[in-house]
Amino acid sequence: MADPTTDRLSDAFHIARASRYADPEFEDQSLPVIYGDLTTPSREGAGVYALPKIDSTGGGVYCVAAHEISGAVALFDDDGRIDPESYALEPARNYQTKGVIATAAFSAPPKGRVTAVCKGRKNEGGALIENPAEVVYDLMTSVWGFSEQDLDTQALSRAAAGAKALGYRAGGIILDDHAPADVLTSLLGDFLGRYEIDPFGRLKIHIAGEKSSAGPPRKVLPRFGHASIEAETARDTVINQVPVLYARDYPGARYIRHDDGRATRNASSQRLYGVRRPPQSPLRLDWVRRESVAATVQSRIVERCREPTRMITIEDGSLRALDIEPDDYVAFSAPWMRSENLEPLVNQIGEVIEVNYDLGEQGMELKIRDTGFFLTSSCILDGSKSLDGGRLLGAERDAATYA
């Protein structure tokens, strides 16, 4: 049976139009849904999105946002920035009793198209919503009509904490009819995140937090033989420089900022493999507006992909890894395989990329990225071991067998 949450995420969401008001200029114009701080980067002569005129009476009333907004607004017409004395701004107004929106009412008609920069939706505490995970929560519960029961709130909290630790701030606009799934893919993808539907039909999002190349493993898996494990090393997975376009300008369908990735490139990887960029380069980050956030995204991609990736596929019939999820770290053993130092892969640490279950066959398949790290052993300094140079203190591979 189809999952209802998946179906609803794939259904088209129809954004509100100017036609709901009595005397709009163009009935088909959409009312913009805005998140984050669009004033970054700052611009002198134009805004980053166009305002629909929802009332043509007098100088005209323009919709700044389809909701209450946070902070100041700067408006522009064909002559440049408009004097704030020329219009009355209302950040929250139940206009024509059709719901609360932000409006700008002009005393005299502006010249040509009106564009704006502003700060977007606020949370219940009055703070600007710009953490990517909080944007997802607000979209799901306040815009698209899902309930909190449709969300894995624990995964949401972990994603929000990870995004906060990395300094991620989202800034973007929804201007068109869309499937929520498409928006989630774009939004989370810009911050190297993703979503899935869990077995309970809840939306579960992942934004990997600030952590080293190999975190502490959540579980140690049993040893696997040749029949249940495959490995593939792909040189074409190397990425050591990431050009990006960010800070989208919506009226012109362009981007205000470009970075060629030189500041975050990995020089040693480039000496070994040449300059390797993403297949679709430059990356277009529609939900990123800050230079620091773009640099973090670039550096995280390079850190993860600067060396060829060895992917391990494990078929496990024990179901011991049933509680494992993507982005978890696990320790696995395949002694017939070798590390870069020609050591048997015993208690090697890998990052789980994908999990597939086959409960009918009582089995599961794990796709794991080999991090190159492993569990280490240590000894008690009780006099039973001599420091004679024959051992690595706290750095030897743990060769123990775990049930």
# chains A, B, ... in the order shown; residues from 1 in each chain; ligands from 1

$ select_by_dssp --residues "segment 292-327 of chain A" --states "alpha helix (DSSP H)" --output "PyMOL selection string"
chain A and resi 292-305

$ residues_around --residues "Asp259 of chain A" --least-positions-apart "3" --cutoff "9 Å" --atoms "only C-alpha atoms" --output "ChimeraX atom specification"
/A:242-246,262-263,282,291,294-295

$ write_last_selection --atoms "N, CA and C atoms" --output "PDB file, in the first residue's frame"
ATOM      1  N   VAL A 242      35.206  23.002  -5.326  1.00  0.00           N
ATOM      2  CA  VAL A 242      33.761  23.112  -5.523  1.00  0.00           C
ATOM      3  C   VAL A 242      33.369  24.556  -5.846  1.00  0.00           C
ATOM      4  N   PRO A 243      33.248  24.916  -7.116  1.00  0.00           N
ATOM      5  CA  PRO A 243      32.702  26.237  -7.460  1.00  0.00           C
ATOM      6  C   PRO A 243      31.208  26.293  -7.135  1.00  0.00           C
ATOM      7  N   VAL A 244      30.744  27.431  -6.661  1.00  0.00           N
ATOM      8  CA  VAL A 244      29.329  27.578  -6.317  1.00  0.00           C
ATOM      9  C   VAL A 244      28.792  28.919  -6.796  1.00  0.00           C
ATOM     10  N   LEU A 245      27.500  28.926  -7.102  1.00  0.00           N
ATOM     11  CA  LEU A 245      26.715  30.143  -7.296  1.00  0.00           C
ATOM     12  C   LEU A 245      25.716  30.202  -6.156  1.00  0.00           C
ATOM     13  N   TYR A 246      25.550  31.378  -5.543  1.00  0.00           N
ATOM     14  CA  TYR A 246      24.614  31.493  -4.434  1.00  0.00           C
ATOM     15  C   TYR A 246      24.067  32.911  -4.378  1.00  0.00           C
ATOM     16  N   ARG A 262      38.551  28.091  -4.874  1.00  0.00           N
ATOM     17  CA  ARG A 262      40.001  28.016  -4.651  1.00  0.00           C
ATOM     18  C   ARG A 262      40.350  28.090  -3.170  1.00  0.00           C
ATOM     19  N   ALA A 263      39.607  28.872  -2.409  1.00  0.00           N
ATOM     20  CA  ALA A 263      39.930  29.033  -0.991  1.00  0.00           C
ATOM     21  C   ALA A 263      39.691  27.763  -0.194  1.00  0.00           C
ATOM     22  N   PRO A 282      29.236  25.036 -11.876  1.00  0.00           N
ATOM     23  CA  PRO A 282      29.205  25.232 -10.427  1.00  0.00           C
ATOM     24  C   PRO A 282      27.885  24.770  -9.807  1.00  0.00           C
ATOM     25  N   GLU A 291      28.259  34.231   2.515  1.00  0.00           N
ATOM     26  CA  GLU A 291      29.566  33.731   2.076  1.00  0.00           C
ATOM     27  C   GLU A 291      30.088  32.643   3.009  1.00  0.00           C
ATOM     28  N   ALA A 294      28.262  29.333   2.330  1.00  0.00           N
ATOM     29  CA  ALA A 294      28.725  28.735   1.075  1.00  0.00           C
ATOM     30  C   ALA A 294      30.090  28.087   1.267  1.00  0.00           C
ATOM     31  N   ALA A 295      30.987  28.759   2.008  1.00  0.00           N
ATOM     32  CA  ALA A 295      32.329  28.219   2.239  1.00  0.00           C
ATOM     33  C   ALA A 295      32.272  26.930   3.058  1.00  0.00           C
TER      34      ALA A 295
END

$ residues_around --residues "Thr371 of chain A" --least-positions-apart "2" --cutoff "12 Å" --atoms "only C-alpha atoms" --output "number ranges by chain"
A: 212-217, 303-312, 329-332, 339-340, 345, 347-353, 368-369, 373-375

$ write_last_selection --atoms "C-alpha atoms" --output "short mmCIF file (atom, residue, chain, number, x, y, z; two decimals), in the first residue's frame"
data_model
loop_
_atom_site.label_atom_id
_atom_site.label_comp_id
_atom_site.auth_asym_id
_atom_site.auth_seq_id
_atom_site.Cartn_x
_atom_site.Cartn_y
_atom_site.Cartn_z
CA SER A 212 35.26 14.47 12.28
CA SER A 213 35.69 12.14 9.33
CA ALA A 214 34.87 9.19 11.58
CA GLY A 215 32.65 9.49 14.62
CA PRO A 216 32.41 6.85 17.35
CA PRO A 217 30.65 3.77 15.93
CA GLU A 303 36.76 17.05 3.07
CA ARG A 304 34.52 14.08 2.31
CA CYS A 305 35.46 13.57 -1.33
CA ARG A 306 39.13 14.54 -1.63
CA GLU A 307 40.20 10.86 -1.87
CA PRO A 308 38.68 8.00 -3.90
CA THR A 309 35.83 6.45 -1.96
CA ARG A 310 35.73 2.77 -1.12
CA MET A 311 32.11 1.70 -0.89
CA ILE A 312 31.28 -1.47 1.02
CA TYR A 329 29.00 5.09 11.98
CA VAL A 330 29.51 1.35 12.42
CA ALA A 331 32.49 -0.96 12.83
CA PHE A 332 32.64 -3.89 10.42
CA SER A 339 43.56 -1.36 4.32
CA GLU A 340 45.92 1.12 2.67
CA LEU A 345 40.00 -4.89 7.66
CA ASN A 347 36.84 -3.44 13.18
CA GLN A 348 37.06 -0.88 10.39
CA ILE A 349 34.85 2.20 10.85
CA GLY A 350 32.43 3.08 8.07
CA GLU A 351 29.70 5.66 7.56
CA VAL A 352 26.32 4.22 6.64
CA ILE A 353 25.09 5.71 3.36
CA ILE A 368 28.91 1.88 3.87
CA ARG A 369 31.61 4.44 3.06
CA PHE A 373 39.63 4.72 10.49
CA PHE A 374 39.33 1.72 12.80
CA LEU A 375 38.72 0.78 16.42
#

$ atom_distance --atom1 "atom CA of Glu134 of chain A" --atom2 "atom CA of Trp287 of chain A"
13.4 Å

$ closest_residue --among "A:Thr57, A:Thr264, A:Asn341, A:Ser281" --to "Arg397 of chain A" --atoms "only C-alpha atoms"
A:Asn341

$ closest_residue --among "A:Glu85, A:Asp28, A:Asp249, A:Glu124" --to "Thr40 of chain A" --atoms "only C-alpha atoms"
A:Asp249

$ closest_atom_pairs --of "segment 2-72 of chain A" --to "segment 175-199 of chain A" --cutoff "9 Å" --atoms "only C-alpha atoms" --output "JSON lines"
{"residue": "A:Asp3", "atom": "CA", "partner": "A:Ile197", "partner_atom": "CA", "distance": 8.5}
{"residue": "A:Thr5", "atom": "CA", "partner": "A:Ile197", "partner_atom": "CA", "distance": 7.6}
{"residue": "A:Thr6", "atom": "CA", "partner": "A:Ile197", "partner_atom": "CA", "distance": 7.0}
{"residue": "A:Arg8", "atom": "CA", "partner": "A:Pro180", "partner_atom": "CA", "distance": 8.1}
{"residue": "A:Leu9", "atom": "CA", "partner": "A:Pro180", "partner_atom": "CA", "distance": 5.0}
{"residue": "A:Ser10", "atom": "CA", "partner": "A:Ala179", "partner_atom": "CA", "distance": 5.2}
{"residue": "A:Asp11", "atom": "CA", "partner": "A:Ala179", "partner_atom": "CA", "distance": 5.4}
{"residue": "A:Ala12", "atom": "CA", "partner": "A:Ala179", "partner_atom": "CA", "distance": 4.4}
{"residue": "A:Phe13", "atom": "CA", "partner": "A:His178", "partner_atom": "CA", "distance": 5.3}
{"residue": "A:His14", "atom": "CA", "partner": "A:Asp177", "partner_atom": "CA", "distance": 4.7}
{"residue": "A:Ile15", "atom": "CA", "partner": "A:Asp177", "partner_atom": "CA", "distance": 5.3}
{"residue": "A:Ala16", "atom": "CA", "partner": "A:Asp177", "partner_atom": "CA", "distance": 8.8}
{"residue": "A:Gln29", "atom": "CA", "partner": "A:Leu175", "partner_atom": "CA", "distance": 8.9}
{"residue": "A:Ser30", "atom": "CA", "partner": "A:Leu175", "partner_atom": "CA", "distance": 6.0}
{"residue": "A:Leu31", "atom": "CA", "partner": "A:Leu175", "partner_atom": "CA", "distance": 6.9}
{"residue": "A:Pro32", "atom": "CA", "partner": "A:Leu175", "partner_atom": "CA", "distance": 5.1}
{"residue": "A:Val33", "atom": "CA", "partner": "A:Leu175", "partner_atom": "CA", "distance": 6.7}
{"residue": "A:Ile34", "atom": "CA", "partner": "A:Leu175", "partner_atom": "CA", "distance": 8.8}

$ atom_distance --atom1 "atom CA of Pro109 of chain A" --atom2 "atom CA of Asp37 of chain A"
27.2 Å

$ closest_residue --among "A:Pro52, A:Gly125, A:Pro84, A:Pro24" --to "Ser70 of chain A" --atoms "only C-alpha atoms"
A:Gly125

$ atom_distance --atom1 "atom CA of Gln270 of chain A" --atom2 "atom CA of Asp370 of chain A"
21.0 Å

$ closest_residue --among "A:Glu148, A:Asp77, A:Asp83, A:Glu130" --to "Arg113 of chain A" --atoms "only C-alpha atoms"
A:Asp77

$ select_by_dssp --residues "segment 74-147 of chain A" --states "strand (DSSP E or B)" --output "PDB file with C-alpha atoms, in the first residue's frame"
ATOM      1  CA  ALA A  74      13.766  48.037   1.468  1.00  0.00           C
ATOM      2  CA  LEU A  75      11.737  48.606  -1.714  1.00  0.00           C
ATOM      3  CA  PHE A  76      13.000  49.540  -5.185  1.00  0.00           C
ATOM      4  CA  ASP A  77      11.451  50.641  -8.477  1.00  0.00           C
ATOM      5  CA  GLY A  80      16.300  52.724  -7.548  1.00  0.00           C
ATOM      6  CA  ARG A  81      15.556  52.629  -3.855  1.00  0.00           C
ATOM      7  CA  TYR A  87       4.646  54.134   1.274  1.00  0.00           C
ATOM      8  CA  ALA A  88       3.114  52.767   4.442  1.00  0.00           C
ATOM      9  CA  LEU A  89       4.594  49.419   5.425  1.00  0.00           C
ATOM     10  CA  GLU A  90       2.545  46.985   7.507  1.00  0.00           C
ATOM     11  CA  PRO A  91       4.526  43.810   8.423  1.00  0.00           C
ATOM     12  CA  ALA A  92       1.326  42.046   9.563  1.00  0.00           C
ATOM     13  CA  ARG A  93      -2.068  43.017   8.125  1.00  0.00           C
ATOM     14  CA  ASN A  94      -5.241  41.004   7.630  1.00  0.00           C
ATOM     15  CA  VAL A 100      -2.390  38.089   7.551  1.00  0.00           C
ATOM     16  CA  ILE A 101       0.175  39.281   4.997  1.00  0.00           C
ATOM     17  CA  ALA A 102       2.819  42.013   4.813  1.00  0.00           C
ATOM     18  CA  THR A 103       1.853  44.994   2.636  1.00  0.00           C
ATOM     19  CA  ALA A 104       3.235  48.268   1.309  1.00  0.00           C
ATOM     20  CA  ALA A 105       0.611  50.913   0.403  1.00  0.00           C
ATOM     21  CA  PHE A 106       1.866  53.737  -1.871  1.00  0.00           C
ATOM     22  CA  THR A 115      11.222  44.734  -5.979  1.00  0.00           C
ATOM     23  CA  ALA A 116      12.228  44.174  -2.369  1.00  0.00           C
ATOM     24  CA  VAL A 117      14.688  42.806   0.149  1.00  0.00           C
ATOM     25  CA  CYS A 118      13.498  41.839   3.615  1.00  0.00           C
ATOM     26  CA  LYS A 119      13.625  39.239   6.358  1.00  0.00           C
ATOM     27  CA  LYS A 122       9.127  34.398  12.230  1.00  0.00           C
ATOM     28  CA  LEU A 128      13.671  34.813  12.297  1.00  0.00           C
TER      29      LEU A 128
END

$ decode --residues "segment 150-190 of chain A" --atoms "N, CA and C atoms" --output "PDB file, in the first residue's frame"
ATOM      1  N   ASP A 150       3.239  14.007  11.658  1.00  0.00           N
ATOM      2  CA  ASP A 150       3.810  13.581  10.377  1.00  0.00           C
ATOM      3  C   ASP A 150       5.324  13.746  10.341  1.00  0.00           C
ATOM      4  N   LEU A 151       5.923  14.203  11.443  1.00  0.00           N
ATOM      5  CA  LEU A 151       7.355  14.470  11.505  1.00  0.00           C
ATOM      6  C   LEU A 151       8.016  13.607  12.569  1.00  0.00           C
ATOM      7  N   ASP A 152       9.224  13.151  12.298  1.00  0.00           N
ATOM      8  CA  ASP A 152      10.071  12.555  13.327  1.00  0.00           C
ATOM      9  C   ASP A 152      10.756  13.719  14.033  1.00  0.00           C
ATOM     10  N   THR A 153      10.221  14.127  15.166  1.00  0.00           N
ATOM     11  CA  THR A 153      10.710  15.333  15.836  1.00  0.00           C
ATOM     12  C   THR A 153      12.105  15.139  16.438  1.00  0.00           C
ATOM     13  N   GLN A 154      12.460  13.913  16.816  1.00  0.00           N
ATOM     14  CA  GLN A 154      13.804  13.680  17.333  1.00  0.00           C
ATOM     15  C   GLN A 154      14.843  13.880  16.236  1.00  0.00           C
ATOM     16  N   ALA A 155      14.574  13.329  15.052  1.00  0.00           N
ATOM     17  CA  ALA A 155      15.485  13.531  13.929  1.00  0.00           C
ATOM     18  C   ALA A 155      15.549  15.011  13.552  1.00  0.00           C
ATOM     19  N   LEU A 156      14.411  15.701  13.653  1.00  0.00           N
ATOM     20  CA  LEU A 156      14.378  17.127  13.360  1.00  0.00           C
ATOM     21  C   LEU A 156      15.264  17.901  14.331  1.00  0.00           C
ATOM     22  N   SER A 157      15.203  17.559  15.617  1.00  0.00           N
ATOM     23  CA  SER A 157      16.027  18.239  16.620  1.00  0.00           C
ATOM     24  C   SER A 157      17.513  17.994  16.367  1.00  0.00           C
ATOM     25  N   ARG A 158      17.861  16.751  16.015  1.00  0.00           N
ATOM     26  CA  ARG A 158      19.270  16.451  15.719  1.00  0.00           C
ATOM     27  C   ARG A 158      19.743  17.236  14.498  1.00  0.00           C
ATOM     28  N   ALA A 159      18.890  17.319  13.488  1.00  0.00           N
ATOM     29  CA  ALA A 159      19.260  18.064  12.288  1.00  0.00           C
ATOM     30  C   ALA A 159      19.424  19.544  12.587  1.00  0.00           C
ATOM     31  N   ALA A 160      18.537  20.093  13.416  1.00  0.00           N
ATOM     32  CA  ALA A 160      18.629  21.508  13.775  1.00  0.00           C
ATOM     33  C   ALA A 160      19.912  21.786  14.549  1.00  0.00           C
ATOM     34  N   ALA A 161      20.277  20.876  15.460  1.00  0.00           N
ATOM     35  CA  ALA A 161      21.503  21.057  16.236  1.00  0.00           C
ATOM     36  C   ALA A 161      22.729  20.969  15.331  1.00  0.00           C
ATOM     37  N   GLY A 162      22.723  20.023  14.407  1.00  0.00           N
ATOM     38  CA  GLY A 162      23.842  19.905  13.479  1.00  0.00           C
ATOM     39  C   GLY A 162      23.988  21.135  12.607  1.00  0.00           C
ATOM     40  N   ALA A 163      22.860  21.640  12.093  1.00  0.00           N
ATOM     41  CA  ALA A 163      22.895  22.835  11.251  1.00  0.00           C
ATOM     42  C   ALA A 163      23.377  24.049  12.031  1.00  0.00           C
ATOM     43  N   LYS A 164      22.943  24.169  13.280  1.00  0.00           N
ATOM     44  CA  LYS A 164      23.373  25.295  14.112  1.00  0.00           C
ATOM     45  C   LYS A 164      24.866  25.235  14.377  1.00  0.00           C
ATOM     46  N   ALA A 165      25.397  24.036  14.670  1.00  0.00           N
ATOM     47  CA  ALA A 165      26.828  23.895  14.941  1.00  0.00           C
ATOM     48  C   ALA A 165      27.676  24.291  13.741  1.00  0.00           C
ATOM     49  N   LEU A 166      27.156  24.058  12.553  1.00  0.00           N
ATOM     50  CA  LEU A 166      27.892  24.389  11.342  1.00  0.00           C
ATOM     51  C   LEU A 166      27.646  25.823  10.870  1.00  0.00           C
ATOM     52  N   GLY A 167      26.776  26.550  11.549  1.00  0.00           N
ATOM     53  CA  GLY A 167      26.498  27.929  11.159  1.00  0.00           C
ATOM     54  C   GLY A 167      25.618  28.053   9.932  1.00  0.00           C
ATOM     55  N   TYR A 168      24.838  27.021   9.633  1.00  0.00           N
ATOM     56  CA  TYR A 168      23.980  27.066   8.461  1.00  0.00           C
ATOM     57  C   TYR A 168      22.812  28.027   8.668  1.00  0.00           C
ATOM     58  N   ARG A 169      22.564  28.869   7.674  1.00  0.00           N
ATOM     59  CA  ARG A 169      21.399  29.752   7.661  1.00  0.00           C
ATOM     60  C   ARG A 169      20.804  29.716   6.268  1.00  0.00           C
ATOM     61  N   ALA A 170      19.530  29.429   6.211  1.00  0.00           N
ATOM     62  CA  ALA A 170      18.838  29.338   4.927  1.00  0.00           C
ATOM     63  C   ALA A 170      18.169  30.664   4.604  1.00  0.00           C
ATOM     64  N   GLY A 171      18.143  30.996   3.336  1.00  0.00           N
ATOM     65  CA  GLY A 171      17.432  32.181   2.873  1.00  0.00           C
ATOM     66  C   GLY A 171      16.909  31.941   1.471  1.00  0.00           C
ATOM     67  N   GLY A 172      15.586  31.957   1.309  1.00  0.00           N
ATOM     68  CA  GLY A 172      15.029  31.685  -0.008  1.00  0.00           C
ATOM     69  C   GLY A 172      13.563  32.046  -0.083  1.00  0.00           C
ATOM     70  N   ILE A 173      13.004  31.913  -1.280  1.00  0.00           N
ATOM     71  CA  ILE A 173      11.625  32.315  -1.543  1.00  0.00           C
ATOM     72  C   ILE A 173      10.921  31.208  -2.321  1.00  0.00           C
ATOM     73  N   ILE A 174       9.659  30.978  -1.977  1.00  0.00           N
ATOM     74  CA  ILE A 174       8.804  30.091  -2.756  1.00  0.00           C
ATOM     75  C   ILE A 174       7.814  30.968  -3.511  1.00  0.00           C
ATOM     76  N   LEU A 175       7.884  30.882  -4.842  1.00  0.00           N
ATOM     77  CA  LEU A 175       7.090  31.768  -5.688  1.00  0.00           C
ATOM     78  C   LEU A 175       6.121  31.029  -6.607  1.00  0.00           C
ATOM     79  N   ASP A 176       6.262  29.707  -6.691  1.00  0.00           N
ATOM     80  CA  ASP A 176       5.479  28.975  -7.677  1.00  0.00           C
ATOM     81  C   ASP A 176       4.781  27.782  -7.041  1.00  0.00           C
ATOM     82  N   ASP A 177       3.769  27.261  -7.745  1.00  0.00           N
ATOM     83  CA  ASP A 177       3.173  25.991  -7.341  1.00  0.00           C
ATOM     84  C   ASP A 177       4.257  24.923  -7.371  1.00  0.00           C
ATOM     85  N   HIS A 178       4.185  23.967  -6.447  1.00  0.00           N
ATOM     86  CA  HIS A 178       5.283  23.023  -6.310  1.00  0.00           C
ATOM     87  C   HIS A 178       4.817  21.781  -5.574  1.00  0.00           C
ATOM     88  N   ALA A 179       5.574  20.714  -5.709  1.00  0.00           N
ATOM     89  CA  ALA A 179       5.416  19.554  -4.840  1.00  0.00           C
ATOM     90  C   ALA A 179       6.317  19.764  -3.631  1.00  0.00           C
ATOM     91  N   PRO A 180       5.803  19.578  -2.409  1.00  0.00           N
ATOM     92  CA  PRO A 180       6.662  19.739  -1.232  1.00  0.00           C
ATOM     93  C   PRO A 180       7.943  18.920  -1.324  1.00  0.00           C
ATOM     94  N   ALA A 181       7.884  17.740  -1.929  1.00  0.00           N
ATOM     95  CA  ALA A 181       9.084  16.909  -2.061  1.00  0.00           C
ATOM     96  C   ALA A 181      10.184  17.635  -2.819  1.00  0.00           C
ATOM     97  N   ASP A 182       9.814  18.414  -3.842  1.00  0.00           N
ATOM     98  CA  ASP A 182      10.817  19.138  -4.621  1.00  0.00           C
ATOM     99  C   ASP A 182      11.483  20.224  -3.785  1.00  0.00           C
ATOM    100  N   VAL A 183      10.695  20.921  -2.991  1.00  0.00           N
ATOM    101  CA  VAL A 183      11.260  21.974  -2.132  1.00  0.00           C
ATOM    102  C   VAL A 183      12.178  21.361  -1.082  1.00  0.00           C
ATOM    103  N   LEU A 184      11.752  20.250  -0.468  1.00  0.00           N
ATOM    104  CA  LEU A 184      12.584  19.595   0.539  1.00  0.00           C
ATOM    105  C   LEU A 184      13.907  19.134  -0.056  1.00  0.00           C
ATOM    106  N   THR A 185      13.861  18.578  -1.255  1.00  0.00           N
ATOM    107  CA  THR A 185      15.080  18.114  -1.909  1.00  0.00           C
ATOM    108  C   THR A 185      16.035  19.263  -2.164  1.00  0.00           C
ATOM    109  N   SER A 186      15.507  20.380  -2.656  1.00  0.00           N
ATOM    110  CA  SER A 186      16.341  21.545  -2.943  1.00  0.00           C
ATOM    111  C   SER A 186      16.902  22.161  -1.660  1.00  0.00           C
ATOM    112  N   LEU A 187      16.043  22.367  -0.688  1.00  0.00           N
ATOM    113  CA  LEU A 187      16.451  23.007   0.564  1.00  0.00           C
ATOM    114  C   LEU A 187      17.485  22.177   1.313  1.00  0.00           C
ATOM    115  N   LEU A 188      17.181  20.913   1.572  1.00  0.00           N
ATOM    116  CA  LEU A 188      18.101  20.076   2.334  1.00  0.00           C
ATOM    117  C   LEU A 188      19.361  19.774   1.537  1.00  0.00           C
ATOM    118  N   GLY A 189      19.229  19.604   0.227  1.00  0.00           N
ATOM    119  CA  GLY A 189      20.395  19.314  -0.596  1.00  0.00           C
ATOM    120  C   GLY A 189      21.425  20.427  -0.568  1.00  0.00           C
ATOM    121  N   ASP A 190      20.979  21.669  -0.477  1.00  0.00           N
ATOM    122  CA  ASP A 190      21.919  22.792  -0.424  1.00  0.00           C
ATOM    123  C   ASP A 190      22.787  22.746   0.828  1.00  0.00           C
TER     124      ASP A 190
END
